[in-house]
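Novice: So here's entry.pdb (PDB, C-alpha atoms).
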```
ATOM      1  CA  MET A   1      22.255 -29.992 -21.544  1.00  0.00           C
ATOM      2  CA  SER A   2      19.702 -30.066 -18.876  1.00  0.00           C
ATOM      3  CA  SER A   3      16.145 -29.483 -19.893  1.00  0.00           C
ATOM      4  CA  LYS A   4      14.641 -28.269 -16.644  1.00  0.00           C
ATOM      5  CA  LYS A   5      11.287 -26.640 -17.161  1.00  0.00           C
ATOM      6  CA  SER A   6      10.533 -23.738 -14.873  1.00  0.00           C
ATOM      7  CA  LYS A   7       7.098 -23.706 -13.375  1.00  0.00           C
ATOM      8  CA  ARG A   8       5.145 -20.822 -14.814  1.00  0.00           C
ATOM      9  CA  ALA A   9       3.215 -18.571 -12.458  1.00  0.00           C
ATOM     10  CA  LYS A  10      -0.486 -18.753 -13.242  1.00  0.00           C
ATOM     11  CA  CYS A  11      -2.493 -15.619 -12.489  1.00  0.00           C
ATOM     12  CA  PRO A  12      -5.292 -16.315  -9.996  1.00  0.00           C
ATOM     13  CA  LYS A  13      -7.361 -13.497 -11.489  1.00  0.00           C
ATOM     14  CA  CYS A  14      -7.257 -14.121 -15.243  1.00  0.00           C
ATOM     15  CA  GLY A  15      -5.400 -17.457 -15.616  1.00  0.00           C
ATOM     16  CA  PHE A  16      -2.567 -16.045 -17.764  1.00  0.00           C
ATOM     17  CA  GLU A  17       0.669 -18.083 -17.700  1.00  0.00           C
ATOM     18  CA  ASN A  18       3.447 -15.695 -16.575  1.00  0.00           C
ATOM     19  CA  LEU A  19       7.209 -16.073 -16.305  1.00  0.00           C
ATOM     20  CA  PRO A  20       8.308 -17.843 -13.109  1.00  0.00           C
ATOM     21  CA  MET A  21       9.794 -14.794 -11.373  1.00  0.00           C
ATOM     22  CA  ALA A  22       7.059 -12.333 -12.363  1.00  0.00           C
ATOM     23  CA  SER A  23       5.582 -10.199  -9.579  1.00  0.00           C
ATOM     24  CA  PHE A  24       2.653  -8.947 -11.655  1.00  0.00           C
ATOM     25  CA  CYS A  25       0.502 -10.606 -14.299  1.00  0.00           C
ATOM     26  CA  SER A  26       1.364  -9.683 -17.885  1.00  0.00           C
ATOM     27  CA  GLY A  27      -2.267 -10.214 -18.848  1.00  0.00           C
ATOM     28  CA  CYS A  28      -4.199  -8.172 -16.287  1.00  0.00           C
ATOM     29  CA  GLY A  29      -1.581  -6.521 -14.041  1.00  0.00           C
ATOM     30  CA  ALA A  30      -2.692  -8.272 -10.838  1.00  0.00           C
ATOM     31  CA  ARG A  31      -0.092  -8.989  -8.144  1.00  0.00           C
ATOM     32  CA  LEU A  32       1.098 -12.602  -8.442  1.00  0.00           C
ATOM     33  CA  LYS A  33       3.137 -12.928  -5.282  1.00  0.00           C
ATOM     34  CA  PRO A  34       1.554 -12.061  -1.968  1.00  0.00           C
ATOM     35  CA  LEU A  35       3.204  -9.343   0.071  1.00  0.00           C
ATOM     36  CA  PRO A  36       5.570 -10.658   2.737  1.00  0.00           C
ATOM     37  CA  ALA A  37       4.155 -10.676   6.282  1.00  0.00           C
ATOM     38  CA  GLU A  38       6.455  -7.865   7.424  1.00  0.00           C
ATOM     39  CA  VAL A  39       5.171  -5.603   4.629  1.00  0.00           C
ATOM     40  CA  LYS A  40       1.495  -6.308   5.384  1.00  0.00           C
ATOM     41  CA  GLY A  41       1.669  -4.759   8.854  1.00  0.00           C
ATOM     42  CA  ARG A  42       3.979  -1.996   7.732  1.00  0.00           C
ATOM     43  CA  PHE A  43       1.216   0.371   6.682  1.00  0.00           C
ATOM     44  CA  GLU A  44      -0.839   0.243   9.875  1.00  0.00           C
ATOM     45  CA  ALA A  45       0.722   3.430  11.270  1.00  0.00           C
ATOM     46  CA  LEU A  46       0.252   5.374   8.046  1.00  0.00           C
ATOM     47  CA  SER A  47      -3.302   4.140   7.552  1.00  0.00           C
ATOM     48  CA  LEU A  48      -4.229   5.066  11.113  1.00  0.00           C
ATOM     49  CA  LEU A  49      -2.662   8.518  10.713  1.00  0.00           C
ATOM     50  CA  LEU A  50      -4.688   9.058   7.540  1.00  0.00           C
ATOM     51  CA  LEU A  51      -7.887   7.875   9.221  1.00  0.00           C
ATOM     52  CA  VAL A  52      -7.314  10.027  12.332  1.00  0.00           C
ATOM     53  CA  GLY A  53      -6.586  13.063  10.174  1.00  0.00           C
ATOM     54  CA  SER A  54      -9.717  12.406   8.119  1.00  0.00           C
ATOM     55  CA  VAL A  55     -11.891  12.000  11.205  1.00  0.00           C
ATOM     56  CA  TYR A  56     -10.445  15.236  12.583  1.00  0.00           C
ATOM     57  CA  LEU A  57     -11.344  17.040   9.357  1.00  0.00           C
ATOM     58  CA  PHE A  58     -14.890  15.618   9.312  1.00  0.00           C
ATOM     59  CA  VAL A  59     -15.442  16.628  12.948  1.00  0.00           C
ATOM     60  CA  SER A  60     -13.961  20.070  12.285  1.00  0.00           C
ATOM     61  CA  LEU A  61     -16.355  20.551   9.387  1.00  0.00           C
ATOM     62  CA  ALA A  62     -19.255  19.731  11.687  1.00  0.00           C
ATOM     63  CA  VAL A  63     -18.349  21.925  14.683  1.00  0.00           C
ATOM     64  CA  ASN A  64     -15.779  24.519  13.657  1.00  0.00           C
ATOM     65  CA  LEU A  65     -17.261  27.669  12.124  1.00  0.00           C
ATOM     66  CA  VAL A  66     -13.979  28.689  10.475  1.00  0.00           C
ATOM     67  CA  MET A  67     -13.689  25.294   8.756  1.00  0.00           C
ATOM     68  CA  GLN A  68     -17.230  25.692   7.415  1.00  0.00           C
ATOM     69  CA  TRP A  69     -16.197  28.643   5.262  1.00  0.00           C
ATOM     70  CA  LEU A  70     -16.323  27.495   1.642  1.00  0.00           C
ATOM     71  CA  TRP A  71     -12.595  27.911   0.931  1.00  0.00           C
ATOM     72  CA  PHE A  72     -11.838  25.647   3.894  1.00  0.00           C
ATOM     73  CA  ALA A  73     -14.816  23.287   3.636  1.00  0.00           C
ATOM     74  CA  VAL A  74     -14.156  21.996   0.113  1.00  0.00           C
ATOM     75  CA  PRO A  75     -10.458  21.156   0.616  1.00  0.00           C
ATOM     76  CA  CYS A  76     -11.266  19.646   4.043  1.00  0.00           C
ATOM     77  CA  PHE A  77     -13.915  17.406   2.561  1.00  0.00           C
ATOM     78  CA  VAL A  78     -11.704  16.316  -0.370  1.00  0.00           C
ATOM     79  CA  SER A  79      -8.761  15.618   1.949  1.00  0.00           C
ATOM     80  CA  ALA A  80     -10.944  13.693   4.401  1.00  0.00           C
ATOM     81  CA  VAL A  81     -12.531  11.507   1.704  1.00  0.00           C
ATOM     82  CA  LEU A  82      -9.173  10.734   0.057  1.00  0.00           C
ATOM     83  CA  GLY A  83      -7.654  10.058   3.475  1.00  0.00           C
ATOM     84  CA  VAL A  84     -10.379   7.547   4.334  1.00  0.00           C
ATOM     85  CA  TYR A  85      -9.941   5.830   0.944  1.00  0.00           C
ATOM     86  CA  ALA A  86      -6.142   5.655   1.240  1.00  0.00           C
ATOM     87  CA  GLY A  87      -6.243   4.634   4.902  1.00  0.00           C
ATOM     88  CA  TYR A  88      -8.689   1.828   4.179  1.00  0.00           C
ATOM     89  CA  ARG A  89      -6.652   0.562   1.234  1.00  0.00           C
ATOM     90  CA  LEU A  90      -3.350   0.717   3.123  1.00  0.00           C
ATOM     91  CA  TYR A  91      -4.805  -1.014   6.178  1.00  0.00           C
ATOM     92  CA  GLY A  92      -5.735  -3.914   3.900  1.00  0.00           C
ATOM     93  CA  SER A  93      -2.221  -3.808   2.356  1.00  0.00           C
ATOM     94  CA  LYS A  94      -3.654  -2.817  -1.020  1.00  0.00           C
ATOM     95  CA  VAL A  95      -0.842  -0.815  -2.549  1.00  0.00           C
ATOM     96  CA  GLY A  96      -0.356   0.951  -5.859  1.00  0.00           C
ATOM     97  CA  SER A  97      -0.007   4.300  -7.571  1.00  0.00           C
ATOM     98  CA  ALA A  98      -3.625   5.327  -6.894  1.00  0.00           C
ATOM     99  CA  VAL A  99      -3.166   4.779  -3.152  1.00  0.00           C
ATOM    100  CA  LEU A 100       0.128   6.677  -3.208  1.00  0.00           C
ATOM    101  CA  ALA A 101      -1.446   9.613  -5.087  1.00  0.00           C
ATOM    102  CA  SER A 102      -4.569   9.775  -2.910  1.00  0.00           C
ATOM    103  CA  SER A 103      -2.410   9.592   0.239  1.00  0.00           C
ATOM    104  CA  ALA A 104      -0.184  12.410  -0.990  1.00  0.00           C
ATOM    105  CA  ILE A 105      -3.138  14.631  -1.911  1.00  0.00           C
ATOM    106  CA  ALA A 106      -4.966  13.935   1.364  1.00  0.00           C
ATOM    107  CA  ILE A 107      -1.858  14.662   3.410  1.00  0.00           C
ATOM    108  CA  GLY A 108      -0.854  17.778   1.450  1.00  0.00           C
ATOM    109  CA  VAL A 109      -4.299  19.378   1.473  1.00  0.00           C
ATOM    110  CA  GLY A 110      -4.999  18.341   5.074  1.00  0.00           C
ATOM    111  CA  PHE A 111      -1.670  19.774   6.211  1.00  0.00           C
ATOM    112  CA  ALA A 112      -2.197  23.057   4.357  1.00  0.00           C
ATOM    113  CA  VAL A 113      -5.751  23.600   5.635  1.00  0.00           C
ATOM    114  CA  THR A 114      -5.031  22.700   9.245  1.00  0.00           C
ATOM    115  CA  LEU A 115      -1.838  24.787   9.337  1.00  0.00           C
ATOM    116  CA  VAL A 116      -3.660  27.853   7.958  1.00  0.00           C
ATOM    117  CA  VAL A 117      -6.520  27.390  10.429  1.00  0.00           C
ATOM    118  CA  PHE A 118      -3.987  26.964  13.245  1.00  0.00           C
ATOM    119  CA  CYS A 119      -2.238  30.228  12.268  1.00  0.00           C
ATOM    120  CA  LEU A 120      -5.444  32.296  11.796  1.00  0.00           C
ATOM    121  CA  PRO A 121      -5.850  33.216  15.477  1.00  0.00           C
ATOM    122  CA  PHE A 122      -2.340  34.630  15.552  1.00  0.00           C
ATOM    123  CA  CYS A 123      -2.920  36.768  12.444  1.00  0.00           C
ATOM    124  CA  PHE A 124      -6.442  38.051  13.108  1.00  0.00           C
ATOM    125  CA  ALA A 125      -6.735  37.991  16.924  1.00  0.00           C
ATOM    126  CA  LEU A 126      -9.337  35.239  16.850  1.00  0.00           C
ATOM    127  CA  PRO A 127      -9.816  33.084  19.933  1.00  0.00           C
ATOM    128  CA  ASN A 128      -7.293  30.261  19.770  1.00  0.00           C
ATOM    129  CA  VAL A 129      -9.395  27.108  20.040  1.00  0.00           C
ATOM    130  CA  PHE A 130      -7.559  25.140  17.376  1.00  0.00           C
ATOM    131  CA  GLY A 131      -4.994  22.526  18.279  1.00  0.00           C
ATOM    132  CA  PRO A 132      -1.895  21.741  16.281  1.00  0.00           C
ATOM    133  CA  SER A 133      -3.680  19.111  14.178  1.00  0.00           C
ATOM    134  CA  TRP A 134      -1.317  19.820  11.301  1.00  0.00           C
ATOM    135  CA  VAL A 135       1.214  17.673  13.203  1.00  0.00           C
ATOM    136  CA  ILE A 136      -0.881  14.582  12.326  1.00  0.00           C
ATOM    137  CA  PHE A 137      -0.439  15.360   8.633  1.00  0.00           C
ATOM    138  CA  LEU A 138       3.240  16.221   9.070  1.00  0.00           C
ATOM    139  CA  VAL A 139       3.942  12.824  10.666  1.00  0.00           C
ATOM    140  CA  ALA A 140       1.820  11.112   7.978  1.00  0.00           C
ATOM    141  CA  ALA A 141       3.852  12.902   5.274  1.00  0.00           C
ATOM    142  CA  TRP A 142       7.089  11.665   6.824  1.00  0.00           C
ATOM    143  CA  LYS A 143       5.743   8.083   7.014  1.00  0.00           C
ATOM    144  CA  LEU A 144       4.467   8.253   3.407  1.00  0.00           C
ATOM    145  CA  TRP A 145       7.855   9.528   2.201  1.00  0.00           C
ATOM    146  CA  LYS A 146       9.579   6.679   4.042  1.00  0.00           C
ATOM    147  CA  ASP A 147       7.300   3.989   2.577  1.00  0.00           C
ATOM    148  CA  ARG A 148       6.686   5.477  -0.890  1.00  0.00           C
ATOM    149  CA  ARG A 149       8.605   2.838  -2.879  1.00  0.00           C
ATOM    150  CA  VAL A 150       6.817  -0.077  -1.242  1.00  0.00           C
ATOM    151  CA  ILE A 151       3.393   1.580  -1.565  1.00  0.00           C
ATOM    152  CA  LYS A 152       3.882   2.294  -5.251  1.00  0.00           C
ATOM    153  CA  GLY A 153       4.225  -1.439  -5.820  1.00  0.00           C
TER
END
```
Could you write out this file's structure as structure tokens?
Specialist:
Amino acid sequence: MSSKKSKRAKCPKCGFENLPMASFCSGCGARLKPLPAEVKGRFEALSLLLLVGSVYLFVSLAVNLVMQWLWFAVPCFVSAVLGVYAGYRLYGSKVGSAVLASSAIAIGVGFAVTLVVFCLPFCFALPNVFGPSWVIFLVAAWKLWKDRRVIKG
């Protein structure tokens, strides 16, 4: 019998001795193995889409009178803040369930608000000064759906 001892993975955060093949610490839940290089750059597109969508919503809140109505302003603000948070975290390759949830909420609310605002001129004969910004959120939703398993961690 061979008595090879496997090297235990020590958590850099709490010092807990984990099993050799563990990806996360059993003591504190921190990631033990760094993300591969190809995964680190994988979220740049999604993070930039979230940040562009958030900036669009912030600018719209400042200059667009329709977006300043309360039933548009609150969801716009929530979507923009969550989008900035998720975009920042993804750009730094910080993944997890909280990032996945905040991305999904930011994209869903941002898409809904911008699509409704885009369709308003057609329904109520308002001047059509709104661009199809909902496309940003549609592309972000597709990218999030594609990368959801990796983001969840």
Novice: Between A:Leu100, A:Leu19, A:Leu90, A:Cys76, which residue has the minimum interatomic distance to Val117 in chain A, considering only C-alpha atoms?
Specialist: A:Cys76
Novice: A:Lys152, A:Glu44, A:Ala141, A:Ala22: which is nearest Gly92 in chain A, counting only C-alpha atoms?
Specialist: A:Glu44
Novice: Specify the axis-aligned box that encloses all atoms of range 92-102 of chain A listed in the file after padding of 6 Å on each side, stating its centre and edge lengths in Å to one decimal as lines of an AutoDock Vina configuration file.
Specialist:
```
center_x = -2.8
center_y = 2.9
center_z = -1.8
size_x = 17.9
size_y = 25.7
size_z = 23.5
```
Novice: Determine the residue membership of the PyMOL selection byres ((chain A and resi 111) around 12) for the file above and supply it as a ChimeraX atom specification.
Specialist: /A:50,53-54,56-57,72,75-76,79-80,83,103-110,112-118,132-142
Novice: Expand the PyMOL selection byres ((chain A and resi 10) around 12) into the explicit residue set it covers here, and present it as a VMD selection string.
Specialist: chain A and resid 7 to 9 11 to 28 30 to 33
